[in-house]
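Everything below belongs to input11.pdb, which stores PDB, N, CA and C atoms.
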ATOM      1  N   MET O 244     147.271 100.842  68.262
ATOM      2  CA  MET O 244     145.941 101.444  68.249
ATOM      3  C   MET O 244     146.101 102.942  67.994
ATOM      4  N   PRO O 245     145.304 103.472  67.110
ATOM      5  CA  PRO O 245     145.449 104.908  66.848
ATOM      6  C   PRO O 245     144.990 105.741  68.028
ATOM      7  N   THR O 246     145.351 106.999  67.995
ATOM      8  CA  THR O 246     145.025 107.922  69.088
ATOM      9  C   THR O 246     143.534 108.010  69.329
ATOM     10  N   ASP O 247     142.744 108.002  68.277
ATOM     11  CA  ASP O 247     141.287 108.079  68.437
ATOM     12  C   ASP O 247     140.758 106.904  69.254
ATOM     13  N   GLY O 248     141.372 105.743  69.099
ATOM     14  CA  GLY O 248     140.948 104.558  69.856
ATOM     15  C   GLY O 248     141.132 104.767  71.342
ATOM     16  N   TYR O 249     142.265 105.387  71.735
ATOM     17  CA  TYR O 249     142.502 105.656  73.161
ATOM     18  C   TYR O 249     141.472 106.647  73.701
ATOM     19  N   ALA O 250     141.196 107.664  72.916
ATOM     20  CA  ALA O 250     140.212 108.664  73.348
ATOM     21  C   ALA O 250     138.845 108.004  73.502
ATOM     22  N   TYR O 251     138.525 107.115  72.584
ATOM     23  CA  TYR O 251     137.232 106.429  72.652
ATOM     24  C   TYR O 251     137.158 105.542  73.901
ATOM     25  N   ALA O 252     138.234 104.792  74.168
ATOM     26  CA  ALA O 252     138.283 103.921  75.344
ATOM     27  C   ALA O 252     138.210 104.751  76.616
ATOM     28  N   PHE O 253     138.880 105.895  76.643
ATOM     29  CA  PHE O 253     138.855 106.769  77.820
ATOM     30  C   PHE O 253     137.444 107.314  78.037
ATOM     31  N   ALA O 254     136.766 107.698  76.964
ATOM     32  CA  ALA O 254     135.390 108.206  77.076
ATOM     33  C   ALA O 254     134.473 107.113  77.626
ATOM     34  N   ILE O 255     134.665 105.867  77.142
ATOM     35  CA  ILE O 255     133.858 104.750  77.647
ATOM     36  C   ILE O 255     134.115 104.555  79.145
ATOM     37  N   SER O 256     135.379 104.645  79.557
ATOM     38  CA  SER O 256     135.726 104.492  80.970
ATOM     39  C   SER O 256     135.088 105.591  81.817
ATOM     40  N   GLU O 257     135.124 106.824  81.316
ATOM     41  CA  GLU O 257     134.494 107.931  82.052
ATOM     42  C   GLU O 257     132.990 107.704  82.192
ATOM     43  N   ASN O 258     132.377 107.275  81.102
ATOM     44  CA  ASN O 258     130.942 107.007  81.155
ATOM     45  C   ASN O 258     130.616 105.874  82.132
ATOM     46  N   SER O 259     131.450 104.847  82.126
ATOM     47  CA  SER O 259     131.245 103.735  83.052
ATOM     48  C   SER O 259     131.370 104.216  84.499
ATOM     49  N   PHE O 260     132.344 105.103  84.729
ATOM     50  CA  PHE O 260     132.523 105.646  86.080
ATOM     51  C   PHE O 260     131.311 106.497  86.477
ATOM     52  N   ALA O 261     130.795 107.290  85.553
ATOM     53  CA  ALA O 261     129.617 108.116  85.831
ATOM     54  C   ALA O 261     128.405 107.232  86.128
ATOM     55  N   ILE O 262     128.262 106.149  85.359
ATOM     56  CA  ILE O 262     127.159 105.212  85.598
ATOM     57  C   ILE O 262     127.300 104.587  86.985
ATOM     58  N   SER O 263     128.523 104.227  87.348
ATOM     59  CA  SER O 263     128.754 103.640  88.666
ATOM     60  C   SER O 263     128.412 104.634  89.777
ATOM     61  N   ALA O 264     128.800 105.886  89.601
ATOM     62  CA  ALA O 264     128.501 106.917  90.594
ATOM     63  C   ALA O 264     126.990 107.102  90.720
ATOM     64  N   ASN O 265     126.296 107.118  89.581
ATOM     65  CA  ASN O 265     124.836 107.244  89.617
ATOM     66  C   ASN O 265     124.188 106.034  90.291
ATOM     67  N   SER O 266     124.698 104.861  90.014
ATOM     68  CA  SER O 266     124.173 103.639  90.628
ATOM     69  C   SER O 266     124.359 103.691  92.142
ATOM     70  N   PHE O 267     125.500 104.190  92.584
ATOM     71  CA  PHE O 267     125.752 104.315  94.022
ATOM     72  C   PHE O 267     124.788 105.321  94.646
ATOM     73  N   ALA O 268     124.565 106.435  93.950
ATOM     74  CA  ALA O 268     123.615 107.436  94.452
ATOM     75  C   ALA O 268     122.208 106.850  94.535
ATOM     76  N   ILE O 269     121.827 106.073  93.526
ATOM     77  CA  ILE O 269     120.511 105.418  93.541
ATOM     78  C   ILE O 269     120.421 104.447  94.729
ATOM     79  N   SER O 270     121.495 103.702  94.968
ATOM     80  CA  SER O 270     121.515 102.765  96.097
ATOM     81  C   SER O 270     121.362 103.494  97.427
ATOM     82  N   GLU O 271     122.081 104.623  97.560
ATOM     83  CA  GLU O 271     121.957 105.413  98.797
ATOM     84  C   GLU O 271     120.526 105.914  98.985
ATOM     85  N   ASN O 272     119.917 106.406  97.902
ATOM     86  CA  ASN O 272     118.531 106.888  97.983
ATOM     87  C   ASN O 272     117.572 105.752  98.328
ATOM     88  N   SER O 273     117.788 104.588  97.749
ATOM     89  CA  SER O 273     116.944 103.432  98.036
ATOM     90  C   SER O 273     117.060 103.045  99.514
ATOM     91  N   PHE O 274     118.277 103.109 100.032
ATOM     92  CA  PHE O 274     118.479 102.784 101.451
ATOM     93  C   PHE O 274     117.770 103.806 102.333
ATOM     94  N   ALA O 275     117.869 105.079 101.968
ATOM     95  CA  ALA O 275     117.175 106.128 102.733
ATOM     96  C   ALA O 275     115.666 105.916 102.694
ATOM     97  N   ILE O 276     115.145 105.545 101.530
ATOM     98  CA  ILE O 276     113.710 105.266 101.399
ATOM     99  C   ILE O 276     113.326 104.083 102.293
ATOM    100  N   SER O 277     114.151 103.060 102.312
ATOM    101  CA  SER O 277     113.883 101.889 103.158
ATOM    102  C   SER O 277     113.860 102.272 104.640
ATOM    103  N   GLU O 278     114.827 103.101 105.051
ATOM    104  CA  GLU O 278     114.855 103.562 106.442
ATOM    105  C   GLU O 278     113.596 104.346 106.780
ATOM    106  N   ASN O 279     113.176 105.244 105.867
ATOM    107  CA  ASN O 279     111.964 106.037 106.103
ATOM    108  C   ASN O 279     110.729 105.147 106.158
ATOM    109  N   SER O 280     110.683 104.141 105.298
ATOM    110  CA  SER O 280     109.549 103.213 105.304
ATOM    111  C   SER O 280     109.489 102.461 106.631
ATOM    112  N   PHE O 281     110.638 102.072 107.130
ATOM    113  CA  PHE O 281     110.685 101.369 108.421
ATOM    114  C   PHE O 281     110.227 102.286 109.546
ATOM    115  N   ALA O 282     110.664 103.546 109.511
ATOM    116  CA  ALA O 282     110.232 104.510 110.526
ATOM    117  C   ALA O 282     108.725 104.722 110.458
ATOM    118  N   ILE O 283     108.194 104.806 109.245
ATOM    119  CA  ILE O 283     106.744 104.953 109.080
ATOM    120  C   ILE O 283     106.025 103.723 109.653
ATOM    121  N   SER O 284     106.561 102.542 109.399
ATOM    122  CA  SER O 284     105.960 101.312 109.924
ATOM    123  C   SER O 284     105.968 101.309 111.451
ATOM    124  N   GLU O 285     107.096 101.737 112.034
ATOM    125  CA  GLU O 285     107.172 101.806 113.497
ATOM    126  C   GLU O 285     106.143 102.788 114.050
ATOM    127  N   ASN O 286     106.012 103.956 113.402
ATOM    128  CA  ASN O 286     105.041 104.951 113.849
ATOM    129  C   ASN O 286     103.616 104.431 113.709
ATOM    130  N   SER O 287     103.344 103.731 112.624
ATOM    131  CA  SER O 287     102.010 103.157 112.416
ATOM    132  C   SER O 287     101.698 102.134 113.507
ATOM    133  N   PHE O 288     102.701 101.337 113.865
ATOM    134  CA  PHE O 288     102.496 100.344 114.925
ATOM    135  C   PHE O 288     102.226 101.038 116.259
ATOM    136  N   ALA O 289     102.977 102.111 116.545
ATOM    137  CA  ALA O 289     102.753 102.861 117.782
ATOM    138  C   ALA O 289     101.354 103.478 117.795
ATOM    139  N   ILE O 290     100.915 104.003 116.655
ATOM    140  CA  ILE O 290      99.561 104.563 116.559
ATOM    141  C   ILE O 290      98.523 103.473 116.807
ATOM    142  N   SER O 291      98.751 102.290 116.254
ATOM    143  CA  SER O 291      97.825 101.176 116.457
ATOM    144  C   SER O 291      97.759 100.792 117.935
ATOM    145  N   GLU O 292      98.925 100.734 118.595
ATOM    146  CA  GLU O 292      98.947 100.420 120.026
ATOM    147  C   GLU O 292      98.187 101.469 120.822
ATOM    148  N   ASN O 293      98.393 102.742 120.476
ATOM    149  CA  ASN O 293      97.694 103.818 121.193
ATOM    150  C   ASN O 293      96.190 103.749 120.940
ATOM    151  N   SER O 294      95.810 103.439 119.720
ATOM    152  CA  SER O 294      94.384 103.314 119.399
ATOM    153  C   SER O 294      93.761 102.177 120.198
ATOM    154  N   PHE O 295      94.493 101.076 120.334
ATOM    155  CA  PHE O 295      93.980  99.949 121.118
ATOM    156  C   PHE O 295      93.845 100.345 122.588
ATOM    157  N   ALA O 296      94.818 101.100 123.110
ATOM    158  CA  ALA O 296      94.735 101.558 124.500
ATOM    159  C   ALA O 296      93.548 102.495 124.691
ATOM    160  N   ILE O 297      93.315 103.375 123.728
ATOM    161  CA  ILE O 297      92.157 104.284 123.795
ATOM    162  C   ILE O 297      90.863 103.476 123.774
ATOM    163  N   LEU O 298      90.804 102.457 122.927
ATOM    164  CA  LEU O 298      89.617 101.605 122.856
ATOM    165  C   LEU O 298      89.385 100.892 124.186
ATOM    166  N   ALA O 299      90.459 100.373 124.783
ATOM    167  CA  ALA O 299      90.329  99.688 126.070
ATOM    168  C   ALA O 299      89.851 100.656 127.151
ATOM    169  N   ASN O 300      90.382 101.882 127.136
ATOM    170  CA  ASN O 300      89.946 102.881 128.119
ATOM    171  C   ASN O 300      88.487 103.259 127.900
ATOM    172  N   SER O 301      88.081 103.388 126.653
ATOM    173  CA  SER O 301      86.679 103.707 126.359
ATOM    174  C   SER O 301      85.762 102.597 126.868
ATOM    175  N   PHE O 302      86.188 101.357 126.691
ATOM    176  CA  PHE O 302      85.395 100.228 127.172
ATOM    177  C   PHE O 302      85.293 100.267 128.693
ATOM    178  N   ALA O 303      86.418 100.580 129.374
ATOM    179  CA  ALA O 303      86.399 100.672 130.840
ATOM    180  C   ALA O 303      85.482 101.801 131.304
ATOM    181  N   ILE O 304      85.526 102.929 130.592
ATOM    182  CA  ILE O 304      84.637 104.049 130.931
ATOM    183  C   ILE O 304      83.174 103.631 130.751
ATOM    184  N   SER O 305      82.892 102.905 129.686
ATOM    185  CA  SER O 305      81.527 102.430 129.455
ATOM    186  C   SER O 305      81.075 101.500 130.580
ATOM    187  N   GLU O 306      81.972 100.595 130.987
ATOM    188  CA  GLU O 306      81.637  99.692 132.094
ATOM    189  C   GLU O 306      81.367 100.479 133.375
ATOM    190  N   ASN O 307      82.203 101.483 133.653
ATOM    191  CA  ASN O 307      82.004 102.288 134.856
ATOM    192  C   ASN O 307      80.691 103.069 134.779
ATOM    193  N   SER O 308      80.387 103.596 133.600
ATOM    194  CA  SER O 308      79.131 104.326 133.424
ATOM    195  C   SER O 308      77.943 103.408 133.676
ATOM    196  N   PHE O 309      78.040 102.157 133.195
ATOM    197  CA  PHE O 309      76.962 101.196 133.412
ATOM    198  C   PHE O 309      76.820 100.885 134.898
ATOM    199  N   ALA O 310      77.968 100.754 135.595
ATOM    200  CA  ALA O 310      77.917 100.497 137.041
ATOM    201  C   ALA O 310      77.281 101.670 137.781
ATOM    202  N   ILE O 311      77.619 102.898 137.378
ATOM    203  CA  ILE O 311      77.018 104.090 137.995
ATOM    204  C   ILE O 311      75.511 104.107 137.731
ATOM    205  N   LEU O 312      75.111 103.758 136.514
ATOM    206  CA  LEU O 312      73.694 103.706 136.174
ATOM    207  C   LEU O 312      72.967 102.669 137.039
ATOM    208  N   ALA O 313      73.590 101.491 137.203
ATOM    209  CA  ALA O 313      72.979 100.444 138.028
ATOM    210  C   ALA O 313      72.851 100.909 139.484
ATOM    211  N   ASN O 314      73.890 101.593 139.988
ATOM    212  CA  ASN O 314      73.826 102.103 141.363
ATOM    213  C   ASN O 314      72.741 103.176 141.495
ATOM    214  N   SER O 315      72.616 104.036 140.517
ATOM    215  CA  SER O 315      71.579 105.065 140.538
ATOM    216  C   SER O 315      70.197 104.423 140.537
ATOM    217  N   PHE O 316      70.058 103.371 139.747
ATOM    218  CA  PHE O 316      68.778 102.670 139.699
ATOM    219  C   PHE O 316      68.463 102.038 141.057
ATOM    220  N   ALA O 317      69.479 101.434 141.695
ATOM    221  CA  ALA O 317      69.279 100.833 143.014
ATOM    222  C   ALA O 317      68.911 101.896 144.046
ATOM    223  N   ILE O 318      69.548 103.053 143.995
ATOM    224  CA  ILE O 318      69.223 104.151 144.917
ATOM    225  C   ILE O 318      67.785 104.611 144.699
ATOM    226  N   SER O 319      67.390 104.701 143.440
ATOM    227  CA  SER O 319      66.006 105.095 143.137
ATOM    228  C   SER O 319      65.022 104.075 143.690
ATOM    229  N   GLU O 320      65.331 102.794 143.510
ATOM    230  CA  GLU O 320      64.454 101.751 144.047
ATOM    231  C   GLU O 320      64.344 101.861 145.563
ATOM    232  N   ASN O 321      65.480 102.088 146.244
ATOM    233  CA  ASN O 321      65.466 102.217 147.705
ATOM    234  C   ASN O 321      64.669 103.449 148.139
ATOM    235  N   SER O 322      64.809 104.516 147.395
ATOM    236  CA  SER O 322      64.061 105.736 147.723
ATOM    237  C   SER O 322      62.563 105.497 147.588
ATOM    238  N   PHE O 323      62.167 104.800 146.524
ATOM    239  CA  PHE O 323      60.740 104.494 146.348
ATOM    240  C   PHE O 323      60.240 103.585 147.462
ATOM    241  N   ALA O 324      61.101 102.641 147.880
ATOM    242  CA  ALA O 324      60.699 101.728 148.958
ATOM    243  C   ALA O 324      60.494 102.501 150.256
ATOM    244  N   ILE O 325      61.372 103.453 150.533
ATOM    245  CA  ILE O 325      61.238 104.270 151.755
ATOM    246  C   ILE O 325      59.973 105.113 151.675
ATOM    247  N   LEU O 326      59.714 105.707 150.520
ATOM    248  CA  LEU O 326      58.516 106.542 150.367
ATOM    249  C   LEU O 326      57.235 105.711 150.455
ATOM    250  N   ALA O 327      57.310 104.424 150.126
ATOM    251  CA  ALA O 327      56.130 103.554 150.182
ATOM    252  C   ALA O 327      55.812 103.110 151.606
ATOM    253  N   MET O 328      56.711 103.376 152.553
ATOM    254  CA  MET O 328      56.473 102.979 153.944
ATOM    255  C   MET O 328      55.347 103.825 154.545
ATOM    256  N   PRO O 329      54.795 103.349 155.677
ATOM    257  CA  PRO O 329      53.793 104.172 156.359
ATOM    258  C   PRO O 329      54.389 105.482 156.857
ATOM    259  N   THR O 330      53.634 106.275 157.575
ATOM    260  CA  THR O 330      54.045 107.612 158.005
ATOM    261  C   THR O 330      55.390 107.600 158.716
ATOM    262  N   ALA O 331      55.662 106.591 159.513
ATOM    263  CA  ALA O 331      56.959 106.505 160.186
ATOM    264  C   ALA O 331      58.078 106.425 159.147
ATOM    265  N   GLY O 332      57.789 105.774 158.036
ATOM    266  CA  GLY O 332      58.774 105.678 156.961
ATOM    267  C   GLY O 332      59.087 107.031 156.354
ATOM    268  N   TYR O 333      58.075 107.889 156.220
ATOM    269  CA  TYR O 333      58.321 109.232 155.694
ATOM    270  C   TYR O 333      59.241 110.010 156.616
ATOM    271  N   ALA O 334      58.977 109.903 157.907
ATOM    272  CA  ALA O 334      59.819 110.603 158.878
ATOM    273  C   ALA O 334      61.243 110.080 158.790
ATOM    274  N   TYR O 335      61.407 108.756 158.653
ATOM    275  CA  TYR O 335      62.724 108.148 158.541
ATOM    276  C   TYR O 335      63.428 108.645 157.270
ATOM    277  N   ALA O 336      62.678 108.732 156.191
ATOM    278  CA  ALA O 336      63.249 109.182 154.926
ATOM    279  C   ALA O 336      63.753 110.616 155.043
ATOM    280  N   PHE O 337      63.003 111.477 155.726
ATOM    281  CA  PHE O 337      63.429 112.870 155.864
ATOM    282  C   PHE O 337      64.658 112.989 156.758
ATOM    283  N   VAL O 338      64.744 112.144 157.791
ATOM    284  CA  VAL O 338      65.900 112.188 158.688
ATOM    285  C   VAL O 338      67.144 111.716 157.944
ATOM    286  N   CYS O 339      67.014 110.685 157.101
ATOM    287  CA  CYS O 339      68.171 110.095 156.421
ATOM    288  C   CYS O 339      68.592 110.876 155.186
ATOM    289  N   THR O 340      67.750 111.771 154.718
ATOM    290  CA  THR O 340      68.080 112.517 153.499
ATOM    291  C   THR O 340      69.055 113.645 153.835
ATOM    292  N   PRO O 341      70.152 113.727 153.154
ATOM    293  CA  PRO O 341      71.119 114.819 153.468
ATOM    294  C   PRO O 341      70.589 116.191 153.098
TER     295      PRO O 341
END
Please express the file's structure as structure tokens.
Amino acid sequence: MPTDGYAYAFAISENSFAISANSFAISENSFAISENSFAISENSFAISENSFAILANSFAISENSFAILANSFAISENSFAILAMPTAGYAYAFVCTP
């Protein structure tokens, strides 16, 4: 084989090695992207869990607010009942009022 043939084969080998190095770099980048995507997925799941916990707490607060409203309504009804009593009831209402 003439000398030019060896040089040509060597150039092909160098190019093949460069392609292999680039392919390895691409693989490393793809793996890094996959890791980042997984981390993003984990963070999204954690955000979803926190959002669900916030929703559950909001629902509990709403239930408590409704219970407070019902108790306030009952207190108002009792106050009206005391005020509707005869004169002795008024005196009782004033004694019991803080």
Distance in Å - atom C of O:Ala268 versus atom N of O:Ser256: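 Between atom C of O:Ala268 and atom N of O:Ser256 the gap works out to 20.1 Å.
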Interatomic distance (Å, one decimal) between atom CA of O:Leu326 and atom N of O:Asn307: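 Computing the Euclidean distance for atom CA of O:Leu326 and atom N of O:Asn307 yields 29.4 Å.
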Let me have the centre and edge lengths in Å, one decimal, of the box along x, y and z around every listed atom of stretch 260-270 of chain O with 5 Å of margin on each side, as lines of an AutoDock Vina configuration file.
center_x = 126.5
center_y = 105.4
center_z = 91.1
size_x = 22.1
size_y = 15.4
size_z = 22.7
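The spacing separating atom CA of O:Ile325 from atom N of O:Ser308 amounts to 26.4 Å.
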